[in-house]
>>> print(open('my_file32.txt').read())   # compact mmCIF, C-alpha atoms and all ligand atoms
# COMPACT_ATOMS: atom_id res chain seq x y z
CA MET A 1 9.47 31.73 -50.92
CA ALA A 2 11.17 32.26 -54.27
CA THR A 3 9.78 35.08 -56.44
CA LYS A 4 10.48 36.14 -60.02
CA THR A 5 12.52 39.30 -60.63
CA GLU A 6 11.84 41.71 -63.48
CA PHE A 7 14.44 39.68 -65.43
CA GLY A 8 12.49 36.49 -64.86
CA ARG A 9 15.16 34.79 -62.73
CA ALA A 10 14.27 33.11 -59.46
CA LYS A 11 15.15 35.37 -56.54
CA ALA A 12 15.13 34.26 -52.94
CA SER A 13 12.94 36.25 -50.55
CA ALA A 14 14.81 38.32 -47.98
CA ALA A 15 14.04 35.74 -45.28
CA GLN A 16 15.37 32.94 -47.45
CA ALA A 17 18.47 34.96 -48.43
CA ARG A 18 19.21 35.43 -44.72
CA ARG A 19 18.62 31.74 -43.93
CA TYR A 20 20.91 30.59 -46.73
CA ALA A 21 23.57 33.10 -45.70
CA GLU A 22 23.50 31.80 -42.14
CA ARG A 23 23.64 28.20 -43.30
CA TYR A 24 26.15 28.41 -46.18
CA LEU A 25 28.45 31.41 -45.66
CA MET A 26 31.57 31.22 -43.54
CA ASN A 27 31.12 32.87 -40.21
CA THR A 28 33.23 36.03 -40.71
CA TYR A 29 30.75 38.90 -40.26
CA LYS A 30 28.07 39.73 -37.69
CA ARG A 31 25.19 41.25 -39.65
CA PRO A 32 21.88 42.86 -38.74
CA SER A 33 18.84 41.00 -40.04
CA LEU A 34 17.74 43.48 -42.76
CA VAL A 35 18.56 42.91 -46.44
CA PHE A 36 19.40 45.94 -48.61
CA THR A 37 18.04 45.48 -52.10
CA ARG A 38 18.99 48.70 -53.88
CA GLY A 39 20.36 52.21 -53.52
CA LYS A 40 20.00 55.58 -55.22
CA ALA A 41 22.49 58.40 -54.63
CA CYS A 42 22.95 58.70 -50.83
CA ARG A 43 20.04 56.41 -49.91
CA LEU A 44 19.70 52.68 -49.44
CA TYR A 45 16.43 50.69 -49.51
CA ASP A 46 15.72 47.43 -47.74
CA ASP A 47 13.47 44.58 -48.88
CA LYS A 48 10.50 46.19 -47.13
CA GLY A 49 11.04 49.43 -49.06
CA ARG A 50 12.32 51.37 -46.01
CA ASP A 51 14.90 53.99 -46.86
CA TYR A 52 18.16 54.75 -45.07
CA LEU A 53 20.59 57.67 -45.30
CA ASP A 54 23.96 56.14 -46.18
CA PHE A 55 26.80 57.69 -44.18
CA LEU A 56 29.04 54.63 -44.56
CA GLY A 57 29.17 54.37 -48.36
CA GLY A 58 30.00 50.66 -48.38
CA ILE A 59 33.01 51.49 -46.12
CA ALA A 60 34.38 54.41 -48.15
CA VAL A 61 33.68 52.77 -51.53
CA ASN A 62 30.56 54.45 -52.95
CA ALA A 63 32.01 57.93 -53.43
CA LEU A 64 29.38 58.77 -56.09
CA GLY A 65 26.63 57.14 -54.04
CA HIS A 66 24.52 54.35 -55.52
CA ALA A 67 23.53 53.91 -59.17
CA HIS A 68 25.19 57.13 -60.34
CA PRO A 69 23.92 57.69 -63.93
CA ARG A 70 27.42 58.20 -65.40
CA LEU A 71 28.74 54.98 -63.85
CA VAL A 72 25.61 53.03 -64.80
CA ARG A 73 25.97 54.19 -68.41
CA VAL A 74 29.63 53.09 -68.64
CA ILE A 75 29.04 49.74 -66.91
CA ARG A 76 26.13 48.97 -69.28
CA ARG A 77 28.17 49.99 -72.32
CA GLU A 78 31.30 48.02 -71.45
CA ALA A 79 29.39 44.93 -70.26
CA THR A 80 28.23 44.48 -73.84
CA ARG A 81 31.81 44.82 -75.16
CA ALA A 82 34.52 43.21 -72.97
CA THR A 83 34.46 42.69 -69.21
CA HIS A 84 37.78 40.81 -69.02
CA LEU A 85 40.71 40.29 -71.38
CA SER A 86 43.63 39.35 -69.03
CA ASN A 87 46.83 41.27 -68.53
CA LEU A 88 48.49 39.43 -71.41
CA PHE A 89 46.94 42.06 -73.72
CA HIS A 90 46.43 45.82 -73.77
CA ASN A 91 42.92 47.07 -73.17
CA GLU A 92 41.46 50.43 -74.17
CA PHE A 93 41.26 51.91 -70.67
CA GLN A 94 44.16 50.74 -68.45
CA GLY A 95 46.80 53.11 -69.82
CA THR A 96 44.49 56.14 -69.81
CA LEU A 97 43.42 55.40 -66.25
CA ALA A 98 47.08 55.02 -65.20
CA LYS A 99 47.86 58.41 -66.76
CA LYS A 100 45.00 60.07 -64.87
CA LEU A 101 46.10 58.48 -61.56
CA ALA A 102 49.70 59.58 -62.20
CA ARG A 103 48.47 63.17 -62.75
CA TRP A 104 46.40 63.14 -59.56
CA SER A 105 49.10 61.60 -57.39
CA GLY A 106 52.45 62.89 -58.70
CA MET A 107 53.59 59.28 -59.20
CA ASP A 108 54.89 57.88 -62.52
CA ARG A 109 53.60 54.34 -63.00
CA VAL A 110 50.69 52.14 -61.92
CA PHE A 111 49.94 48.45 -61.32
CA PHE A 112 46.25 47.49 -61.01
CA THR A 113 44.93 45.01 -58.44
CA ASN A 114 41.53 43.69 -57.29
CA SER A 115 41.54 44.99 -53.74
CA GLY A 116 43.33 47.11 -51.20
CA THR A 117 45.14 44.27 -49.53
CA GLU A 118 46.47 43.07 -52.90
CA ALA A 119 47.79 46.57 -53.62
CA VAL A 120 49.58 46.54 -50.25
CA GLU A 121 51.15 43.16 -51.08
CA GLY A 122 52.39 44.64 -54.37
CA ALA A 123 53.85 47.67 -52.58
CA LEU A 124 55.76 45.47 -50.11
CA LYS A 125 57.10 43.29 -52.93
CA LEU A 126 58.15 46.37 -54.92
CA ALA A 127 60.01 47.82 -51.92
CA ARG A 128 61.77 44.48 -51.30
CA ILE A 129 62.79 43.86 -54.92
CA ARG A 130 64.03 47.41 -55.31
CA ALA A 131 66.21 47.05 -52.19
CA LYS A 132 67.46 43.68 -53.40
CA GLN A 133 68.37 45.04 -56.84
CA SER A 134 70.29 47.93 -55.32
CA GLY A 135 72.41 45.28 -53.60
CA GLU A 136 71.78 46.61 -50.11
CA GLY A 137 70.15 43.47 -48.75
CA LYS A 138 67.72 45.40 -46.57
CA THR A 139 64.40 43.70 -45.78
CA ARG A 140 62.92 45.28 -42.62
CA ILE A 141 59.59 47.07 -42.85
CA LEU A 142 58.31 49.74 -40.46
CA ALA A 143 54.61 50.35 -39.90
CA LEU A 144 52.68 52.35 -37.32
CA GLU A 145 50.92 51.31 -34.15
CA ASN A 146 47.15 51.26 -34.60
CA SER A 147 47.53 50.69 -38.37
CA PHE A 148 45.27 48.66 -40.66
CA HIS A 149 46.52 47.53 -44.07
CA GLY A 150 44.48 44.43 -44.94
CA ARG A 151 43.90 40.74 -44.29
CA THR A 152 46.37 38.85 -46.51
CA PHE A 153 49.60 37.69 -44.89
CA GLY A 154 51.87 40.56 -45.94
CA ALA A 155 49.29 43.27 -45.26
CA LEU A 156 48.27 41.58 -41.99
CA SER A 157 51.92 41.48 -40.92
CA ILE A 158 52.09 45.29 -41.05
CA THR A 159 48.65 45.66 -39.38
CA ALA A 160 49.16 46.44 -35.72
CA THR A 161 45.87 45.32 -34.13
CA GLU A 162 46.63 42.23 -32.09
CA LYS A 163 43.17 40.63 -32.40
CA TYR A 164 43.59 40.48 -36.20
CA ARG A 165 47.20 39.23 -36.06
CA ALA A 166 47.53 36.83 -33.17
CA PRO A 167 45.21 34.04 -34.44
CA PHE A 168 47.29 33.70 -37.62
CA ALA A 169 50.83 33.88 -36.28
CA PRO A 170 53.55 33.37 -37.34
CA LEU A 171 53.28 36.28 -39.76
CA VAL A 172 55.87 37.68 -42.20
CA PRO A 173 59.04 38.39 -40.21
CA GLY A 174 61.00 41.65 -40.25
CA VAL A 175 58.18 44.06 -39.32
CA GLU A 176 58.41 46.57 -36.51
CA PHE A 177 55.80 49.04 -35.27
CA VAL A 178 56.54 52.69 -34.54
CA ARG A 179 54.52 54.64 -31.97
CA PHE A 180 51.98 56.87 -33.75
CA ASN A 181 53.36 60.36 -34.51
CA ASP A 182 56.41 59.68 -32.29
CA VAL A 183 59.39 61.08 -34.21
CA ASP A 184 61.93 59.83 -31.62
CA ASP A 185 60.61 56.28 -31.88
CA LEU A 186 60.73 56.50 -35.68
CA GLU A 187 64.34 57.69 -35.60
CA SER A 188 65.38 54.96 -33.17
CA LYS A 189 63.92 52.20 -35.37
CA PHE A 190 64.91 53.53 -38.80
CA ASP A 191 68.32 52.38 -40.03
CA SER A 192 69.95 51.05 -43.19
CA THR A 193 68.26 47.62 -42.80
CA VAL A 194 64.81 49.18 -43.50
CA CYS A 195 63.41 48.85 -47.06
CA ALA A 196 60.02 50.51 -46.44
CA VAL A 197 58.01 52.55 -43.99
CA VAL A 198 54.24 52.27 -44.51
CA ILE A 199 51.94 55.06 -43.32
CA GLU A 200 48.21 55.77 -43.58
CA PRO A 201 48.19 59.61 -43.76
CA ILE A 202 44.83 59.36 -41.98
CA GLN A 203 44.31 56.07 -40.15
CA GLY A 204 40.83 54.79 -40.95
CA GLU A 205 40.09 51.52 -39.14
CA GLY A 206 42.28 52.74 -36.30
CA GLY A 207 39.70 55.42 -35.46
CA ILE A 208 40.45 58.40 -37.80
CA HIS A 209 43.85 59.65 -36.66
CA ALA A 210 45.86 62.02 -38.89
CA VAL A 211 49.63 61.71 -39.15
CA SER A 212 51.37 64.93 -38.10
CA GLU A 213 53.38 67.03 -40.53
CA ALA A 214 56.50 66.63 -38.37
CA PHE A 215 56.19 62.84 -38.43
CA TRP A 216 55.60 62.68 -42.18
CA ASN A 217 58.50 65.04 -42.94
CA ARG A 218 60.89 63.02 -40.77
CA ALA A 219 59.73 59.76 -42.36
CA ARG A 220 60.38 61.35 -45.78
CA GLU A 221 63.90 62.43 -44.74
CA LEU A 222 64.80 59.08 -43.20
CA ALA A 223 63.46 57.12 -46.18
CA THR A 224 65.49 59.27 -48.56
CA GLY A 225 68.58 59.07 -46.36
CA HIS A 226 68.42 55.26 -46.12
CA ASN A 227 67.25 54.71 -49.70
CA ALA A 228 64.02 53.10 -48.45
CA ALA A 229 60.44 53.48 -49.75
CA LEU A 230 57.98 55.83 -48.08
CA VAL A 231 54.66 54.07 -48.76
CA ALA A 232 51.36 55.97 -48.34
CA ASP A 233 48.35 53.72 -47.75
CA GLU A 234 45.54 55.90 -49.16
CA ILE A 235 43.09 53.03 -49.55
CA GLN A 236 40.57 54.62 -47.16
CA CYS A 237 41.57 58.31 -47.01
CA GLY A 238 42.63 58.78 -50.66
CA LEU A 239 41.10 59.63 -54.05
CA GLY A 240 39.30 62.73 -52.83
CA ARG A 241 37.91 61.74 -49.44
CA SER A 242 40.06 64.16 -47.44
CA GLY A 243 39.09 67.07 -49.72
CA ARG A 244 42.37 66.68 -51.64
CA TYR A 245 43.12 64.05 -54.27
CA PHE A 246 45.38 62.40 -51.69
CA ALA A 247 45.64 63.07 -47.96
CA TYR A 248 49.48 63.27 -48.22
CA GLN A 249 49.04 66.36 -50.42
CA ARG A 250 48.69 68.45 -47.27
CA PHE A 251 52.44 67.76 -46.77
CA LYS A 252 55.32 68.96 -48.94
CA GLY A 253 57.16 65.66 -49.51
CA LEU A 254 55.72 63.06 -51.87
CA PRO A 255 55.75 59.36 -51.00
CA ASP A 256 57.58 56.86 -53.25
CA ILE A 257 54.72 54.37 -53.46
CA VAL A 258 50.96 54.94 -52.98
CA VAL A 259 48.26 52.29 -52.60
CA VAL A 260 44.60 52.97 -53.42
CA ALA A 261 41.42 50.90 -53.75
CA LYS A 262 37.96 51.39 -52.19
CA PRO A 263 36.30 54.14 -54.33
CA LEU A 264 38.54 53.67 -57.37
CA GLY A 265 36.30 51.26 -59.31
CA GLY A 266 33.07 53.19 -58.67
CA GLY A 267 31.77 50.23 -56.62
CA LEU A 268 33.47 47.54 -58.71
CA PRO A 269 36.55 45.84 -57.21
CA LEU A 270 39.71 47.69 -58.23
CA GLY A 271 42.89 48.70 -56.43
CA ALA A 272 46.25 50.01 -57.57
CA LEU A 273 49.79 50.67 -56.50
CA LEU A 274 51.37 53.81 -57.89
CA ALA A 275 55.09 54.53 -57.72
CA ARG A 276 57.77 56.94 -58.72
CA GLU A 277 59.88 55.80 -61.66
CA SER A 278 62.93 55.11 -59.45
CA PHE A 279 60.87 52.47 -57.57
CA ALA A 280 58.51 51.30 -60.34
CA SER A 281 61.46 50.41 -62.56
CA ALA A 282 62.39 47.57 -60.19
CA PHE A 283 59.52 45.50 -61.65
CA SER A 284 60.06 43.68 -64.95
CA PRO A 285 57.86 41.09 -66.73
CA GLY A 286 57.33 37.98 -64.64
CA LEU A 287 58.15 39.51 -61.24
CA HIS A 288 54.57 40.41 -60.36
CA GLY A 289 51.12 39.89 -61.86
CA THR A 290 47.39 39.30 -61.39
CA THR A 291 44.64 37.69 -63.46
CA PHE A 292 41.78 40.11 -62.89
CA GLY A 293 43.35 43.46 -61.91
CA GLY A 294 42.64 46.30 -64.34
CA GLY A 295 40.12 44.73 -66.72
CA PRO A 296 38.43 46.96 -69.31
CA LEU A 297 35.02 47.26 -67.66
CA VAL A 298 36.35 48.20 -64.23
CA CYS A 299 39.00 50.58 -65.66
CA ALA A 300 36.42 52.36 -67.83
CA THR A 301 34.23 52.76 -64.74
CA ALA A 302 37.17 54.05 -62.69
CA LEU A 303 37.99 56.63 -65.36
CA GLU A 304 34.40 57.82 -65.29
CA PHE A 305 34.57 58.10 -61.49
CA LEU A 306 37.75 60.20 -61.56
CA GLN A 307 36.42 62.35 -64.39
CA THR A 308 33.16 62.95 -62.50
CA VAL A 309 35.09 64.09 -59.41
CA ASP A 310 36.84 66.69 -61.61
CA ASP A 311 33.83 67.69 -63.76
CA ASP A 312 31.46 68.14 -60.81
CA LYS A 313 34.09 69.82 -58.59
CA LEU A 314 33.44 67.21 -55.94
CA LEU A 315 36.59 67.98 -53.92
CA GLU A 316 35.03 71.35 -53.12
CA ASN A 317 31.82 69.63 -52.04
CA VAL A 318 33.80 67.19 -49.88
CA ARG A 319 35.47 70.12 -48.08
CA HIS A 320 32.26 72.15 -47.62
CA ARG A 321 30.11 69.27 -46.47
CA GLY A 322 32.95 68.07 -44.24
CA ASP A 323 33.07 71.50 -42.58
CA GLN A 324 29.28 71.45 -42.19
CA ILE A 325 29.36 68.02 -40.53
CA ARG A 326 32.21 69.05 -38.21
CA ALA A 327 30.38 72.22 -37.15
CA GLY A 328 27.27 70.14 -36.38
CA LEU A 329 29.30 67.58 -34.45
CA GLU A 330 30.89 70.38 -32.38
CA GLN A 331 27.36 71.46 -31.35
CA LEU A 332 26.51 67.89 -30.38
CA LYS A 333 29.74 67.65 -28.38
CA ALA A 334 28.69 70.70 -26.36
CA ARG A 335 25.36 68.95 -25.63
CA PHE A 336 26.44 65.38 -24.85
CA ASP A 337 29.20 64.89 -22.30
CA PHE A 338 29.92 61.33 -23.48
CA ILE A 339 31.36 62.72 -26.72
CA LYS A 340 35.13 62.84 -26.24
CA GLU A 341 36.64 64.08 -29.51
CA ILE A 342 35.91 64.88 -33.18
CA ARG A 343 38.59 63.87 -35.68
CA GLY A 344 39.27 63.79 -39.40
CA GLU A 345 38.91 66.05 -42.40
CA GLY A 346 36.74 66.23 -45.50
CA LEU A 347 34.39 63.24 -45.48
CA ILE A 348 36.48 60.89 -43.33
CA LEU A 349 35.31 61.79 -39.86
CA GLY A 350 35.29 60.12 -36.47
CA LEU A 351 33.40 60.87 -33.27
CA GLU A 352 35.12 59.28 -30.29
CA LEU A 353 32.79 58.47 -27.41
CA ARG A 354 33.31 57.59 -23.77
CA VAL A 355 30.71 54.84 -24.24
CA GLU A 356 30.50 51.81 -26.56
CA GLY A 357 29.53 52.72 -30.12
CA ALA A 358 27.83 49.45 -31.15
CA PRO A 359 24.42 50.17 -29.53
CA ILE A 360 24.40 53.61 -31.17
CA VAL A 361 25.11 52.09 -34.60
CA ALA A 362 22.22 49.64 -34.04
CA GLU A 363 19.85 52.42 -32.94
CA ALA A 364 20.90 54.49 -35.99
CA LEU A 365 19.98 51.62 -38.30
CA CYS A 366 16.54 51.35 -36.64
CA ARG A 367 16.09 55.08 -37.34
CA GLY A 368 17.17 54.87 -40.98
CA LEU A 369 20.81 55.96 -40.74
CA VAL A 370 23.76 53.76 -41.80
CA ILE A 371 27.00 54.45 -39.90
CA ASN A 372 29.55 52.22 -38.24
CA CYS A 373 31.90 52.10 -35.32
CA THR A 374 35.61 51.38 -35.26
CA HIS A 375 37.87 50.54 -32.33
CA ASP A 376 34.74 50.05 -30.14
CA PHE A 377 34.35 53.73 -29.22
CA THR A 378 34.64 55.77 -32.44
CA LEU A 379 31.63 56.37 -34.70
CA ARG A 380 32.89 56.64 -38.27
CA PHE A 381 31.26 58.72 -41.01
CA LEU A 382 32.22 58.11 -44.66
CA PRO A 383 29.38 59.58 -46.75
CA PRO A 384 29.48 59.82 -50.56
CA PHE A 385 31.25 62.84 -52.08
CA ILE A 386 27.90 63.89 -53.64
CA ILE A 387 26.22 64.40 -50.26
CA ARG A 388 24.08 67.58 -50.20
CA GLU A 389 23.60 70.26 -47.56
CA ARG A 390 20.09 69.15 -46.69
CA GLU A 391 21.20 65.52 -46.32
CA VAL A 392 23.89 66.63 -43.86
CA ASN A 393 21.19 68.49 -41.90
CA GLU A 394 19.06 65.35 -41.91
CA PHE A 395 22.07 63.33 -40.70
CA LEU A 396 22.79 65.74 -37.84
CA GLU A 397 19.15 65.75 -36.77
CA LYS A 398 18.98 61.96 -36.84
CA LEU A 399 22.27 61.62 -34.96
CA GLU A 400 21.10 64.00 -32.25
CA GLY A 401 17.92 61.96 -31.74
CA ILE A 402 19.98 58.78 -31.54
CA LEU A 403 22.50 60.23 -29.05
CA ARG A 404 19.60 61.48 -26.92
CA THR A 405 18.43 57.88 -26.42
CA ARG A 406 21.91 57.14 -25.07
CA SER A 407 21.89 59.97 -22.55
CA ASN A 408 18.49 58.95 -21.06
C1 LIG B 501 43.92 51.84 -44.97
C2 LIG B 501 43.49 50.51 -45.51
N1 LIG B 501 44.39 49.72 -46.10
C3 LIG B 501 44.05 48.52 -46.61
C4 LIG B 501 42.76 48.05 -46.54
C5 LIG B 501 42.41 46.72 -47.14
O1 LIG B 501 41.62 46.90 -48.27
P1 LIG B 501 40.69 45.71 -48.84
O2 LIG B 501 39.64 45.46 -47.82
O3 LIG B 501 40.16 46.23 -50.15
O4 LIG B 501 41.59 44.53 -49.03
C6 LIG B 501 41.79 48.83 -45.92
C7 LIG B 501 40.41 48.34 -45.77
O5 LIG B 501 39.63 48.79 -44.98
C8 LIG B 501 42.15 50.10 -45.38
O6 LIG B 501 41.27 50.88 -44.77
>>> encode(input="my_file32.txt", output="structure tokens")
Amino acid sequence: MATKTEFGRAKASAAQARRYAERYLMNTYKRPSLVFTRGKACRLYDDKGRDYLDFLGGIAVNALGHAHPRLVRVIRREATRATHLSNLFHNEFQGTLAKKLARWSGMDRVFFTNSGTEAVEGALKLARIRAKQSGEGKTRILALENSFHGRTFGALSITATEKYRAPFAPLVPGVEFVRFNDVDDLESKFDSTVCAVVIEPIQGEGGIHAVSEAFWNRARELATGHNAALVADEIQCGLGRSGRYFAYQRFKGLPDIVVVAKPLGGGLPLGALLARESFASAFSPGLHGTTFGGGPLVCATALEFLQTVDDDKLLENVRHRGDQIRAGLEQLKARFDFIKEIRGEGLILGLELRVEGAPIVAEALCRGLVINCTHDFTLRFLPPFIIREREVNEFLEKLEGILRTRSN
């Protein structure tokens, strides 16, 4: 039955919202039956008023949790001014946001997009046009086994997982996959026909696997030696989640191009590709563009997000809470023999099991904990950067209770 909201608009009941979704949405996601209606900080609430501890953060998006007062204030303010102007004109926030991202990343220039996959497309195009302009005619792209870079054709073509790729073949040609952290394999596939090597410094969808220092350093050397782009996909692990601004900052060598998205817009859709001048300068007006990317409202919100991370020293919190979660997971590992391995750093953590993760995710939801599972066997934890000590304790307690049901 339709009810009136506080704004007087007709709102479908949760049951009706579910019915309409099943009838009218394309069949791309399997969803549980509950309907979340609002969130506050690290908690979500469903239509029955039940609360849930959010350790998924909208898949690494809600770094400041839900309804953060600073973001709410900026969104309200800018919504009354200008939400969209197009990229044919300057807006008040794009340049300032680009400057802040350049400072954080060590890159020189920025192009704003609407999503992660669109940022990846931009990075591939930038690498190709730069190689073309240098007259070297190189077009091959290297990516890693077990990678995930997005769902559009270019990004899908460098995504290794067969179940995502195969139904849509043929994909973009000229892509080859390197065995994860295998320096010999990288060396054997890297030659002067390669224009880019794309690496997630910590693979997210692939089950939280960190690239080794030796592999990164060799990729840096080979890219420099062959005048190719080293591209860091930091869409899931970047912008503070690893406890550093960027996960590649644990290595010495910088990438040439970086792609970001997820938390950047403070919950609004925003991505970006960042590049060193020597790569960024390959773009000139007309070569690349987007209608929505980098509008004033979303850029103002993104600036507020980045500023809040600095003002509230959230990187420190990410590291401390990450250590606390890891220590708790180690204790659980000693107790439950179906836990195989703990991986990740900061607040991008994975718990690999010897049993299927899906029933555990479902049980967690029943007990008021939102997590998810990737690659069938790895529970993935991506809580907001503002998570507090007592919420981590609550999470560990809940998780133990849930794992106990599995061992019975
Ligand atoms: C590492 C990585 N790259 C790219 C993407 C694609 O981003 P989006 O879903 O915003 O297109 C994702 C999404 O999960 C990701 O984790």
>>> residues_near_ligand(input="my_file32.txt", ligand="ligand LIG 501 (chain B)", cutoff="10 Å", atoms="all atoms listed in the file", output="PyMOL selection string")
chain A and resi 59-61+113-121+147-152+155-156+159+199-206+232-238+259-263+269-271
>>> closest_residue(input="my_file32.txt", among="A:Gly253, A:Pro285, A:Pro167, A:Gly137", to="Thr193 in chain A", atoms="only C-alpha atoms")
A:Gly137
>>> residues_around(input="my_file32.txt", residues="Ala282 in chain A", least_positions_apart="6", cutoff="7 Å", atoms="all atoms listed in the file", output="list of chain:residue names")
A:Leu126, A:Ile129, A:Arg130
>>> closest_residue(input="my_file32.txt", among="A:Thr308, A:Ser157, A:Gln133, A:Ser407", to="Ser278 in chain A", atoms="all atoms listed in the file")
A:Gln133
>>> residues_around(input="my_file32.txt", residues="Arg81 in chain A", least_positions_apart="3", cutoff="12 Å", atoms="only C-alpha atoms", output="tab-separated table (two decimals) with C-alpha atoms, in the coordinates of the input")
chain	number	residue	atom	x	y	z
A	74	VAL	CA	29.63	53.09	-68.64
A	75	ILE	CA	29.04	49.74	-66.91
A	76	ARG	CA	26.13	48.97	-69.28
A	77	ARG	CA	28.17	49.99	-72.32
A	78	GLU	CA	31.30	48.02	-71.45
A	84	HIS	CA	37.78	40.81	-69.02
A	85	LEU	CA	40.71	40.29	-71.38
A	91	ASN	CA	42.92	47.07	-73.17
A	92	GLU	CA	41.46	50.43	-74.17
A	295	GLY	CA	40.12	44.73	-66.72
A	296	PRO	CA	38.43	46.96	-69.31
A	297	LEU	CA	35.02	47.26	-67.66
A	300	ALA	CA	36.42	52.36	-67.83
>>> atom_distance(input="my_file32.txt", atom1="CA of Ala82 in chain A", atom2="CA of His66 in chain A")
23.0 Å
>>> atom_distance(input="my_file32.txt", atom1="CA of Gly294 in chain A", atom2="CA of Phe111 in chain A")
8.2 Å
>>> atom_distance(input="my_file32.txt", atom1="CA of His68 in chain A", atom2="CA of Ile348 in chain A")
20.8 Å
>>> closest_residue(input="my_file32.txt", among="A:Ser105, A:Glu145, A:Phe338, A:Leu97", to="Pro255 in chain A", atoms="all atoms listed in the file")
A:Ser105
>>> residues_near_point(input="my_file32.txt", point="(30.6, 74.2, -51.0)", cutoff="12 Å", atoms="all atoms listed in the file", output="list in words")
Gly243, Asp312, Lys313, Leu314, Leu315, Glu316, Asn317, Val318, Arg319, His320, Arg321, Gly322, Asp323, Gln324, Gly346, Phe385, Ile386, Ile387, Arg388 and Glu389 of chain A
>>> residues_around(input="my_file32.txt", residues="Ala98 in chain A", least_positions_apart="4", cutoff="7 Å", atoms="all atoms listed in the file", output="number ranges by chain")
A: 94, 102, 109-110
>>> closest_residue(input="my_file32.txt", among="A:Ala41, A:Ala21, A:Leu101, A:Ala358", to="Val258 in chain A", atoms="all atoms listed in the file")
A:Leu101
>>> closest_residue(input="my_file32.txt", among="A:Leu186, A:Leu329, A:Ala223, A:Val361", to="Ile257 in chain A", atoms="all atoms listed in the file")
A:Ala223
>>> decode(input="my_file32.txt", residues="range 152-202 of chain A", atoms="C-alpha atoms", output="PDB file, in the first residue's frame")
ATOM      1  CA  THR A 152      32.226  -1.859 -19.741  1.00  0.00           C
ATOM      2  CA  PHE A 153      33.959  -3.402 -22.747  1.00  0.00           C
ATOM      3  CA  GLY A 154      37.460  -2.000 -22.212  1.00  0.00           C
ATOM      4  CA  ALA A 155      37.457  -2.594 -18.458  1.00  0.00           C
ATOM      5  CA  LEU A 156      35.886  -6.037 -18.921  1.00  0.00           C
ATOM      6  CA  SER A 157      38.581  -6.919 -21.451  1.00  0.00           C
ATOM      7  CA  ILE A 158      41.268  -6.470 -18.778  1.00  0.00           C
ATOM      8  CA  THR A 159      39.160  -8.280 -16.121  1.00  0.00           C
ATOM      9  CA  ALA A 160      40.406 -11.837 -15.810  1.00  0.00           C
ATOM     10  CA  THR A 161      37.389 -13.687 -14.365  1.00  0.00           C
ATOM     11  CA  GLU A 162      36.051 -15.924 -17.090  1.00  0.00           C
ATOM     12  CA  LYS A 163      32.411 -15.927 -15.921  1.00  0.00           C
ATOM     13  CA  TYR A 164      32.263 -12.136 -16.409  1.00  0.00           C
ATOM     14  CA  ARG A 165      34.074 -12.190 -19.773  1.00  0.00           C
ATOM     15  CA  ALA A 166      32.961 -15.243 -21.691  1.00  0.00           C
ATOM     16  CA  PRO A 167      29.261 -14.328 -22.193  1.00  0.00           C
ATOM     17  CA  PHE A 168      30.255 -11.080 -23.933  1.00  0.00           C
ATOM     18  CA  ALA A 169      33.095 -12.215 -26.176  1.00  0.00           C
ATOM     19  CA  PRO A 170      34.644 -11.063 -28.423  1.00  0.00           C
ATOM     20  CA  LEU A 171      36.185  -8.424 -26.160  1.00  0.00           C
ATOM     21  CA  VAL A 172      38.789  -5.747 -26.949  1.00  0.00           C
ATOM     22  CA  PRO A 173      41.776  -7.507 -28.538  1.00  0.00           C
ATOM     23  CA  GLY A 174      45.413  -7.100 -27.476  1.00  0.00           C
ATOM     24  CA  VAL A 175      45.053  -7.969 -23.775  1.00  0.00           C
ATOM     25  CA  GLU A 176      47.185 -10.556 -22.021  1.00  0.00           C
ATOM     26  CA  PHE A 177      47.062 -11.725 -18.403  1.00  0.00           C
ATOM     27  CA  VAL A 178      50.134 -12.116 -16.211  1.00  0.00           C
ATOM     28  CA  ARG A 179      50.214 -14.612 -13.345  1.00  0.00           C
ATOM     29  CA  PHE A 180      49.694 -12.799 -10.039  1.00  0.00           C
ATOM     30  CA  ASN A 181      52.987 -11.686  -8.430  1.00  0.00           C
ATOM     31  CA  ASP A 182      54.969 -13.786 -10.945  1.00  0.00           C
ATOM     32  CA  VAL A 183      57.912 -11.608 -11.996  1.00  0.00           C
ATOM     33  CA  ASP A 184      59.173 -14.150 -14.571  1.00  0.00           C
ATOM     34  CA  ASP A 185      55.787 -14.254 -16.288  1.00  0.00           C
ATOM     35  CA  LEU A 186      55.664 -10.441 -16.302  1.00  0.00           C
ATOM     36  CA  GLU A 187      59.119 -10.241 -17.878  1.00  0.00           C
ATOM     37  CA  SER A 188      58.270 -12.829 -20.527  1.00  0.00           C
ATOM     38  CA  LYS A 189      55.120 -10.933 -21.611  1.00  0.00           C
ATOM     39  CA  PHE A 190      56.426  -7.362 -21.388  1.00  0.00           C
ATOM     40  CA  ASP A 191      58.032  -6.054 -24.581  1.00  0.00           C
ATOM     41  CA  SER A 192      58.028  -2.935 -26.737  1.00  0.00           C
ATOM     42  CA  THR A 193      54.512  -3.684 -28.093  1.00  0.00           C
ATOM     43  CA  VAL A 194      52.978  -3.041 -24.628  1.00  0.00           C
ATOM     44  CA  CYS A 195      51.395   0.392 -24.005  1.00  0.00           C
ATOM     45  CA  ALA A 196      50.090  -0.263 -20.471  1.00  0.00           C
ATOM     46  CA  VAL A 197      50.230  -2.642 -17.543  1.00  0.00           C
ATOM     47  CA  VAL A 198      47.232  -2.341 -15.207  1.00  0.00           C
ATOM     48  CA  ILE A 199      47.546  -3.417 -11.563  1.00  0.00           C
ATOM     49  CA  GLU A 200      45.267  -3.301  -8.511  1.00  0.00           C
ATOM     50  CA  PRO A 201      47.827  -2.806  -5.697  1.00  0.00           C
ATOM     51  CA  ILE A 202      45.368  -4.779  -3.546  1.00  0.00           C
TER      52      ILE A 202
END
